[in-house]
$ cat input-v6.txt   # compact mmCIF, C-alpha atoms
# COMPACT_ATOMS: atom_id res chain seq x y z
CA MET A 1 -9.04 22.88 6.39
CA LYS A 2 -11.22 20.46 4.42
CA ILE A 3 -9.55 17.30 3.13
CA LEU A 4 -10.80 14.57 0.81
CA LEU A 5 -9.25 11.18 1.61
CA VAL A 6 -9.40 8.66 -1.23
CA ASP A 7 -8.21 5.17 -0.33
CA ASP A 8 -9.89 1.78 -0.61
CA SER A 9 -8.57 0.90 2.85
CA LYS A 10 -10.73 2.28 5.64
CA THR A 11 -7.84 1.55 8.01
CA MET A 12 -5.50 3.72 5.97
CA ARG A 13 -8.03 6.54 5.85
CA SER A 14 -8.42 6.31 9.64
CA ILE A 15 -4.65 6.48 10.13
CA GLN A 16 -4.43 9.52 7.87
CA LYS A 17 -7.29 11.19 9.74
CA LYS A 18 -5.57 10.71 13.10
CA ILE A 19 -2.29 12.11 11.81
CA LEU A 20 -3.87 15.10 10.09
CA ALA A 21 -6.18 15.89 13.00
CA MET A 22 -3.11 16.10 15.25
CA MET A 23 -1.57 18.53 12.75
CA ASP A 24 -4.74 20.65 12.59
CA PRO A 25 -7.49 19.96 15.15
CA GLY A 26 -9.94 21.97 13.04
CA VAL A 27 -9.57 19.84 9.95
CA THR A 28 -12.67 18.19 8.49
CA PHE A 29 -12.71 15.15 6.25
CA ALA A 30 -14.69 13.55 3.49
CA GLU A 31 -13.84 9.99 2.50
CA ALA A 32 -14.03 7.94 -0.68
CA GLY A 33 -13.15 4.29 -1.25
CA ASP A 34 -12.35 4.59 -4.95
CA GLY A 35 -12.12 7.10 -7.77
CA ILE A 36 -15.82 6.99 -8.59
CA GLU A 37 -16.79 7.79 -5.02
CA ALA A 38 -14.21 10.57 -5.01
CA LEU A 39 -15.67 12.20 -8.12
CA ALA A 40 -19.10 12.03 -6.52
CA ALA A 41 -17.77 13.60 -3.31
CA LEU A 42 -16.12 16.40 -5.29
CA ALA A 43 -19.31 17.06 -7.24
CA ALA A 44 -21.46 17.06 -4.11
CA ALA A 45 -19.22 19.25 -1.98
CA PRO A 46 -20.84 22.63 -1.31
CA GLU A 47 -17.40 24.24 -1.03
CA PRO A 48 -14.12 23.21 -2.62
CA PHE A 49 -11.76 20.92 -0.75
CA ASP A 50 -8.41 22.36 0.30
CA VAL A 51 -6.57 19.21 -0.73
CA ALA A 52 -7.20 15.59 -1.73
CA LEU A 53 -5.00 12.66 -0.74
CA VAL A 54 -5.31 9.94 -3.36
CA ASP A 55 -4.28 6.29 -3.26
CA TRP A 56 -3.22 4.67 -6.55
CA ASN A 57 -4.35 1.05 -6.42
CA MET A 58 -8.09 1.01 -5.88
CA PRO A 59 -11.00 -0.97 -7.32
CA ASN A 60 -13.47 0.50 -9.84
CA MET A 61 -11.37 3.58 -10.65
CA ASP A 62 -7.70 3.85 -9.72
CA GLY A 63 -5.97 6.95 -8.45
CA LEU A 64 -4.15 7.82 -11.65
CA THR A 65 -7.41 7.77 -13.60
CA LEU A 66 -9.03 9.84 -10.89
CA VAL A 67 -6.27 12.45 -11.04
CA THR A 68 -6.59 12.66 -14.82
CA ARG A 69 -10.35 13.04 -14.53
CA ILE A 70 -10.07 15.76 -11.90
CA ARG A 71 -7.45 17.69 -13.86
CA SER A 72 -9.61 17.69 -16.98
CA THR A 73 -11.92 20.15 -15.25
CA ASN A 74 -10.12 21.34 -12.12
CA LYS A 75 -6.55 22.63 -12.28
CA LYS A 76 -6.56 24.16 -8.81
CA LEU A 77 -7.41 21.39 -6.33
CA PRO A 78 -4.16 20.35 -4.61
CA LEU A 79 -3.66 16.63 -5.15
CA ILE A 80 -1.22 14.43 -3.24
CA MET A 81 -0.77 10.80 -4.23
CA VAL A 82 -0.31 8.50 -1.20
CA THR A 83 0.64 5.08 -2.45
CA THR A 84 2.93 2.06 -2.35
CA GLU A 85 3.77 2.72 -6.02
CA ALA A 86 7.33 3.94 -5.54
CA GLU A 87 9.02 3.38 -8.90
CA LYS A 88 10.33 6.52 -10.60
CA THR A 89 8.24 5.81 -13.66
CA ARG A 90 5.11 5.72 -11.52
CA VAL A 91 5.99 9.00 -9.81
CA VAL A 92 6.61 10.63 -13.20
CA ASP A 93 3.30 9.29 -14.51
CA ALA A 94 1.49 10.75 -11.52
CA ILE A 95 3.15 14.14 -11.86
CA LYS A 96 2.35 14.22 -15.58
CA ALA A 97 -1.27 13.42 -14.72
CA GLY A 98 -1.34 16.41 -12.39
CA VAL A 99 -0.48 15.50 -8.80
CA ASN A 100 1.25 18.22 -6.80
CA ASN A 101 3.19 15.91 -4.50
CA TYR A 102 3.77 12.26 -3.71
CA VAL A 103 3.91 10.29 -0.43
CA ILE A 104 5.12 6.71 -0.49
CA LYS A 105 3.61 4.12 1.86
CA PRO A 106 4.74 3.20 4.44
CA PHE A 107 5.08 6.75 5.76
CA THR A 108 5.78 8.37 9.10
CA PRO A 109 3.32 10.93 10.47
CA ASP A 110 5.93 13.65 9.87
CA ALA A 111 6.41 12.60 6.25
CA LEU A 112 2.69 12.94 5.59
CA THR A 113 2.20 16.26 7.36
CA ASP A 114 5.43 17.77 5.99
CA LYS A 115 4.44 16.91 2.41
CA LEU A 116 0.99 18.35 2.96
CA LYS A 117 2.28 21.59 4.48
CA THR A 118 4.99 22.14 1.88
CA THR A 119 2.60 21.41 -0.97
CA LEU A 120 -0.03 23.85 0.25
CA ALA A 121 2.61 26.50 1.04
CA ARG A 122 4.17 26.15 -2.41
CA LEU A 123 0.82 26.40 -4.15
CA ALA A 124 -0.21 29.39 -2.02
CA ALA A 125 3.04 31.17 -2.85
CA ALA A 126 2.55 30.46 -6.53
CA ALA A 127 -1.01 31.78 -6.41
CA ALA A 128 0.13 34.94 -4.63
CA ALA A 129 2.85 35.68 -7.19
CA PRO A 130 1.62 34.34 -10.53
CA GLN A 131 3.90 36.57 -12.62
CA ALA A 132 7.00 35.38 -10.82
CA VAL A 133 5.98 31.76 -11.31
CA ALA A 134 5.22 32.35 -14.98
CA ALA A 135 8.62 33.96 -15.44
CA MET B 1 17.62 -41.45 -15.45
CA THR B 2 17.13 -37.83 -14.62
CA THR B 3 18.51 -36.01 -11.65
CA MET B 4 16.46 -33.47 -9.73
CA THR B 5 18.26 -30.40 -8.51
CA ALA B 6 16.91 -28.60 -5.49
CA PRO B 7 15.98 -24.98 -6.15
CA THR B 8 18.35 -22.42 -4.76
CA ILE B 9 17.20 -19.35 -2.89
CA ASN B 10 17.79 -16.18 -4.85
CA PRO B 11 18.86 -13.33 -2.52
CA LYS B 12 17.58 -10.79 -5.04
CA LEU B 13 14.12 -12.17 -4.37
CA ILE B 14 14.44 -12.22 -0.59
CA ILE B 15 16.04 -8.87 0.16
CA PRO B 16 13.22 -6.68 -1.22
CA PHE B 17 10.70 -8.46 0.98
CA VAL B 18 12.93 -8.44 4.07
CA ASN B 19 13.43 -4.70 3.68
CA SER B 20 9.75 -4.20 2.98
CA VAL B 21 8.61 -6.10 6.07
CA ARG B 22 11.03 -4.16 8.25
CA ASP B 23 9.96 -0.78 6.82
CA VAL B 24 6.23 -1.42 7.01
CA PHE B 25 6.22 -2.77 10.55
CA THR B 26 8.72 -0.28 11.95
CA THR B 27 7.10 2.74 10.32
CA MET B 28 3.38 2.01 10.52
CA VAL B 29 2.89 -0.68 13.16
CA ASN B 30 5.68 0.27 15.56
CA VAL B 31 6.66 -3.39 15.95
CA GLN B 32 10.15 -4.78 15.49
CA THR B 33 10.49 -7.81 13.23
CA THR B 34 13.06 -10.58 13.03
CA VAL B 35 13.35 -12.53 9.81
CA GLU B 36 14.20 -16.20 10.15
CA ARG B 37 15.84 -18.42 7.54
CA PRO B 38 13.79 -18.53 4.33
CA HIS B 39 12.81 -21.90 2.94
CA PHE B 40 10.75 -23.40 0.15
CA LYS B 41 7.34 -24.94 0.67
CA THR B 42 5.48 -27.47 -1.38
CA MET B 43 2.09 -27.36 0.35
CA SER B 44 -0.46 -25.18 -1.44
CA THR B 45 -2.21 -24.23 1.80
CA PRO B 46 -1.15 -21.03 3.54
CA CYS B 47 1.25 -21.14 6.48
CA TYR B 48 -1.23 -19.67 8.98
CA ASP B 49 -4.86 -18.70 9.59
CA VAL B 50 -5.12 -15.09 8.41
CA SER B 51 -3.81 -14.32 4.93
CA GLY B 52 -3.59 -11.27 2.70
CA ILE B 53 -3.05 -12.12 -0.96
CA ILE B 54 -1.60 -9.82 -3.62
CA GLY B 55 -1.28 -10.70 -7.30
CA PHE B 56 1.47 -9.44 -9.60
CA SER B 57 1.24 -8.86 -13.34
CA GLY B 58 3.42 -7.29 -16.01
CA ASP B 59 7.16 -7.87 -15.80
CA ILE B 60 6.54 -9.83 -12.59
CA VAL B 61 3.81 -12.47 -12.40
CA GLY B 62 2.57 -14.59 -9.53
CA SER B 63 1.40 -13.90 -6.01
CA VAL B 64 2.56 -12.90 -2.58
CA VAL B 65 0.70 -14.15 0.48
CA VAL B 66 1.27 -12.59 3.88
CA SER B 67 0.01 -15.21 6.29
CA PHE B 68 -0.36 -14.47 10.01
CA GLN B 69 -0.84 -16.58 13.09
CA ARG B 70 -4.33 -15.70 14.31
CA GLN B 71 -3.31 -14.13 17.63
CA ALA B 72 -0.41 -12.30 16.00
CA ALA B 73 -2.80 -10.90 13.40
CA ILE B 74 -5.18 -9.63 16.08
CA LYS B 75 -2.38 -7.87 17.96
CA LEU B 76 -0.65 -6.50 14.88
CA VAL B 77 -3.91 -5.15 13.48
CA ALA B 78 -4.58 -3.46 16.83
CA ALA B 79 -1.16 -1.82 16.71
CA PHE B 80 -1.60 -0.80 13.07
CA ALA B 81 -5.19 0.44 13.18
CA GLY B 82 -5.09 1.77 16.72
CA MET B 83 -8.02 -0.31 17.91
CA GLU B 84 -8.74 -3.89 18.93
CA MET B 85 -10.65 -5.91 16.35
CA GLN B 86 -11.58 -9.54 15.95
CA PRO B 87 -11.24 -11.42 12.66
CA ASP B 88 -15.00 -11.34 12.04
CA ASP B 89 -14.93 -7.55 11.93
CA PRO B 90 -14.85 -6.32 8.30
CA ASP B 91 -12.29 -3.69 9.26
CA PHE B 92 -9.94 -6.46 10.41
CA ALA B 93 -9.69 -7.83 6.87
CA ASP B 94 -9.24 -4.31 5.58
CA ALA B 95 -6.24 -3.80 7.85
CA ILE B 96 -4.67 -7.14 6.93
CA GLY B 97 -5.15 -6.31 3.26
CA GLU B 98 -3.48 -2.94 3.63
CA LEU B 99 -0.49 -4.51 5.41
CA ALA B 100 -0.14 -7.03 2.57
CA ASN B 101 -0.53 -4.23 0.04
CA MET B 102 2.28 -2.20 1.58
CA ILE B 103 4.61 -5.20 1.92
CA ALA B 104 4.12 -6.23 -1.71
CA GLY B 105 4.12 -2.69 -3.05
CA ARG B 106 7.25 -1.65 -1.21
CA ALA B 107 9.07 -4.80 -2.40
CA LYS B 108 7.92 -4.29 -6.00
CA LYS B 109 10.06 -1.18 -6.38
CA ASP B 110 13.23 -3.06 -5.37
CA LEU B 111 12.41 -6.05 -7.58
CA GLY B 112 12.62 -3.81 -10.64
CA GLY B 113 10.76 -4.01 -13.88
CA ASN B 114 7.36 -2.65 -14.74
CA ALA B 115 4.79 -4.57 -12.73
CA THR B 116 1.42 -3.86 -11.22
CA ILE B 117 -0.16 -5.34 -8.12
CA THR B 118 -3.79 -6.19 -7.49
CA VAL B 119 -5.90 -4.85 -4.69
CA PRO B 120 -5.57 -7.31 -1.79
CA SER B 121 -7.81 -10.27 -1.03
CA VAL B 122 -8.02 -11.49 2.55
CA ILE B 123 -8.94 -14.98 3.71
CA ILE B 124 -9.56 -15.97 7.32
CA GLY B 125 -8.92 -19.67 7.91
CA ASN B 126 -6.58 -22.09 6.22
CA ALA B 127 -8.88 -24.67 4.67
CA TYR B 128 -8.15 -23.53 1.15
CA THR B 129 -5.41 -23.91 -1.41
CA ILE B 130 -3.66 -21.28 -3.44
CA ALA B 131 -3.13 -21.86 -7.16
CA ARG B 132 0.52 -21.03 -7.50
CA LEU B 133 2.90 -20.83 -10.43
CA SER B 134 4.02 -24.38 -11.03
CA ASP B 135 7.37 -23.56 -12.61
CA VAL B 136 8.81 -21.56 -9.74
CA PRO B 137 9.06 -22.61 -6.11
CA CYS B 138 7.19 -20.86 -3.33
CA LEU B 139 9.64 -19.12 -1.05
CA VAL B 140 8.60 -18.69 2.57
CA ILE B 141 10.13 -15.87 4.59
CA PRO B 142 9.25 -16.47 8.28
CA VAL B 143 8.96 -13.38 10.46
CA ILE B 144 8.91 -13.26 14.24
CA THR B 145 7.57 -10.40 16.33
CA ALA B 146 7.02 -9.96 20.05
CA VAL B 147 3.31 -10.69 19.52
CA GLY B 148 3.66 -13.72 17.29
CA GLY B 149 4.73 -14.79 13.85
CA PHE B 150 3.77 -14.46 10.25
CA ALA B 151 5.22 -15.53 6.93
CA VAL B 152 5.62 -13.90 3.56
CA GLU B 153 5.05 -16.52 0.86
CA VAL B 154 6.62 -15.39 -2.40
CA ASN B 155 5.64 -17.23 -5.56
CA ILE B 156 6.62 -14.87 -8.33
CA LYS B 157 8.54 -15.00 -11.57
CA GLN B 158 10.40 -12.07 -13.04
CA LEU B 159 9.84 -12.03 -16.78
CA LYS B 160 11.98 -8.94 -17.27
CA VAL B 161 14.20 -7.00 -14.90
CA ALA B 162 14.81 -3.32 -15.55
$ encode --input "input-v6.txt" --output "structure tokens"
Amino acid sequence: MKILLVDDSKTMRSIQKKILAMMDPGVTFAEAGDGIEALAALAAAPEPFDVALVDWNMPNMDGLTLVTRIRSTNKKLPLIMVTTEAEKTRVVDAIKAGVNNYVIKPFTPDALTDKLKTTLARLAAAAAAPQAVAA
Amino acid sequence: MTTMTAPTINPKLIIPFVNSVRDVFTTMVNVQTTVERPHFKTMSTPCYDVSGIIGFSGDIVGSVVVSFQRQAAIKLVAAFAGMEMQPDDPDFADAIGELANMIAGRAKKDLGGNATITVPSVIIGNAYTIARLSDVPCLVIPVITAVGGFAVEVNIKQLKVA
């Protein structure tokens, strides 16, 4: 699995890497400190990422803008917002922008890995049965 | 002759931060916290030596400063980040900033309204002053842990509550 971690906190990215590497020892990571770096990482990646974890509050380009920018050209990349922004209105805004799931900081390791697994499983099931989803 | 009335502590302001501190440190630092009696402060310098500062705007304006005793900060950052760091390490400030970000962000939801928070600023040392809102008092919420203390300094004003 190849994961893009987008968070302005290096500490938070390191914590996420430790948790996700325990979930899947074969996982590889790319990191970005803001939305602009994330767009560059996506453009430079030789193969698509399996999922991106995106913080909301970041300098230069925030996570919501990043999600909107990604979704303008890429409908398939699984996107999970990982943020302290916990208000319902914020969650709705993120879903409208195109995130597939939402993790609120602070989070337990299980909360992060469970959200990741369920998101990828749900999207895989939808891709395998597009008619059923459309119906 | 005018009479001055002492400000009263608003529980609706304290509880979101007490809950936030407990959640952040229990979930992501694995350290138990004990909140002591909140009080107001008049000094514009931070309580301790290592401070993460978050600004609020929108329906809530002002700032929240999470100010750590130096040795407490070193040990709490080690527990949070999983590695020992000294305050002159750039990653140390990053970790302090993320702790302040989570404390303020988690509390923001419970405060209500439509507010945004800034990315954190971190200052090591206490020889500086913080420009606070002059029309609301600065509430200090002292927190004790097994590795030392810190304080959450809340100087915010709710312009509109949802």
$ residues_around --input "input-v6.txt" --residues "Asn57 of chain A" --least-positions-apart "2" --cutoff "8 Å" --atoms "only C-alpha atoms" --output "PDB file with C-alpha atoms, in the coordinates of the input"
ATOM      1  CA  ASP A  55      -4.280   6.290  -3.260  1.00  0.00           C
ATOM      2  CA  PRO A  59     -11.000  -0.970  -7.320  1.00  0.00           C
ATOM      3  CA  ASP A  62      -7.700   3.850  -9.720  1.00  0.00           C
ATOM      4  CA  GLY A  63      -5.970   6.950  -8.450  1.00  0.00           C
ATOM      5  CA  THR A  83       0.640   5.080  -2.450  1.00  0.00           C
TER       6      THR A  83
ATOM      7  CA  ILE B 117      -0.160  -5.340  -8.120  1.00  0.00           C
ATOM      8  CA  THR B 118      -3.790  -6.190  -7.490  1.00  0.00           C
ATOM      9  CA  VAL B 119      -5.900  -4.850  -4.690  1.00  0.00           C
TER      10      VAL B 119
END
$ closest_atom_pairs --input "input-v6.txt" --of "segment 38-96 of chain B" --to "segment 136-146 of chain B" --cutoff "6 Å" --atoms "only C-alpha atoms" --output "CSV"
residue,atom,partner,partner_atom,distance
B:Pro38,CA,B:Ile141,CA,4.5
B:His39,CA,B:Val140,CA,5.3
B:Phe40,CA,B:Leu139,CA,4.6
B:Lys41,CA,B:Cys138,CA,5.7
$ interface_residues --input "input-v6.txt" --of "chain B" --to "chain A" --cutoff "10 Å" --atoms "all atoms listed in the file" --output "PDB file with C-alpha atoms, in the frame of the given file"
ATOM      1  CA  SER B  20       9.750  -4.200   2.980  1.00  0.00           C
ATOM      2  CA  ASP B  23       9.960  -0.780   6.820  1.00  0.00           C
ATOM      3  CA  VAL B  24       6.230  -1.420   7.010  1.00  0.00           C
ATOM      4  CA  PHE B  25       6.220  -2.770  10.550  1.00  0.00           C
ATOM      5  CA  THR B  26       8.720  -0.280  11.950  1.00  0.00           C
ATOM      6  CA  THR B  27       7.100   2.740  10.320  1.00  0.00           C
ATOM      7  CA  MET B  28       3.380   2.010  10.520  1.00  0.00           C
ATOM      8  CA  VAL B  29       2.890  -0.680  13.160  1.00  0.00           C
ATOM      9  CA  VAL B  77      -3.910  -5.150  13.480  1.00  0.00           C
ATOM     10  CA  PHE B  80      -1.600  -0.800  13.070  1.00  0.00           C
ATOM     11  CA  ALA B  81      -5.190   0.440  13.180  1.00  0.00           C
ATOM     12  CA  GLY B  82      -5.090   1.770  16.720  1.00  0.00           C
ATOM     13  CA  PRO B  90     -14.850  -6.320   8.300  1.00  0.00           C
ATOM     14  CA  ASP B  91     -12.290  -3.690   9.260  1.00  0.00           C
ATOM     15  CA  PHE B  92      -9.940  -6.460  10.410  1.00  0.00           C
ATOM     16  CA  ALA B  93      -9.690  -7.830   6.870  1.00  0.00           C
ATOM     17  CA  ASP B  94      -9.240  -4.310   5.580  1.00  0.00           C
ATOM     18  CA  ALA B  95      -6.240  -3.800   7.850  1.00  0.00           C
ATOM     19  CA  ILE B  96      -4.670  -7.140   6.930  1.00  0.00           C
ATOM     20  CA  GLY B  97      -5.150  -6.310   3.260  1.00  0.00           C
ATOM     21  CA  GLU B  98      -3.480  -2.940   3.630  1.00  0.00           C
ATOM     22  CA  LEU B  99      -0.490  -4.510   5.410  1.00  0.00           C
ATOM     23  CA  ASN B 101      -0.530  -4.230   0.040  1.00  0.00           C
ATOM     24  CA  MET B 102       2.280  -2.200   1.580  1.00  0.00           C
ATOM     25  CA  ILE B 103       4.610  -5.200   1.920  1.00  0.00           C
ATOM     26  CA  ALA B 104       4.120  -6.230  -1.710  1.00  0.00           C
ATOM     27  CA  GLY B 105       4.120  -2.690  -3.050  1.00  0.00           C
ATOM     28  CA  ARG B 106       7.250  -1.650  -1.210  1.00  0.00           C
ATOM     29  CA  ALA B 107       9.070  -4.800  -2.400  1.00  0.00           C
ATOM     30  CA  LYS B 108       7.920  -4.290  -6.000  1.00  0.00           C
ATOM     31  CA  LYS B 109      10.060  -1.180  -6.380  1.00  0.00           C
ATOM     32  CA  ASP B 110      13.230  -3.060  -5.370  1.00  0.00           C
ATOM     33  CA  GLY B 112      12.620  -3.810 -10.640  1.00  0.00           C
ATOM     34  CA  GLY B 113      10.760  -4.010 -13.880  1.00  0.00           C
ATOM     35  CA  ASN B 114       7.360  -2.650 -14.740  1.00  0.00           C
ATOM     36  CA  ALA B 115       4.790  -4.570 -12.730  1.00  0.00           C
ATOM     37  CA  THR B 116       1.420  -3.860 -11.220  1.00  0.00           C
ATOM     38  CA  ILE B 117      -0.160  -5.340  -8.120  1.00  0.00           C
ATOM     39  CA  THR B 118      -3.790  -6.190  -7.490  1.00  0.00           C
ATOM     40  CA  VAL B 119      -5.900  -4.850  -4.690  1.00  0.00           C
ATOM     41  CA  PRO B 120      -5.570  -7.310  -1.790  1.00  0.00           C
TER      42      PRO B 120
END
$ atom_distance --input "input-v6.txt" --atom1 "atom CA of Gly62 of chain B" --atom2 "atom CA of Gly148 of chain B"
26.9 Å
$ atom_distance --input "input-v6.txt" --atom1 "atom CA of Pro7 of chain B" --atom2 "atom CA of Thr42 of chain B"
11.8 Å
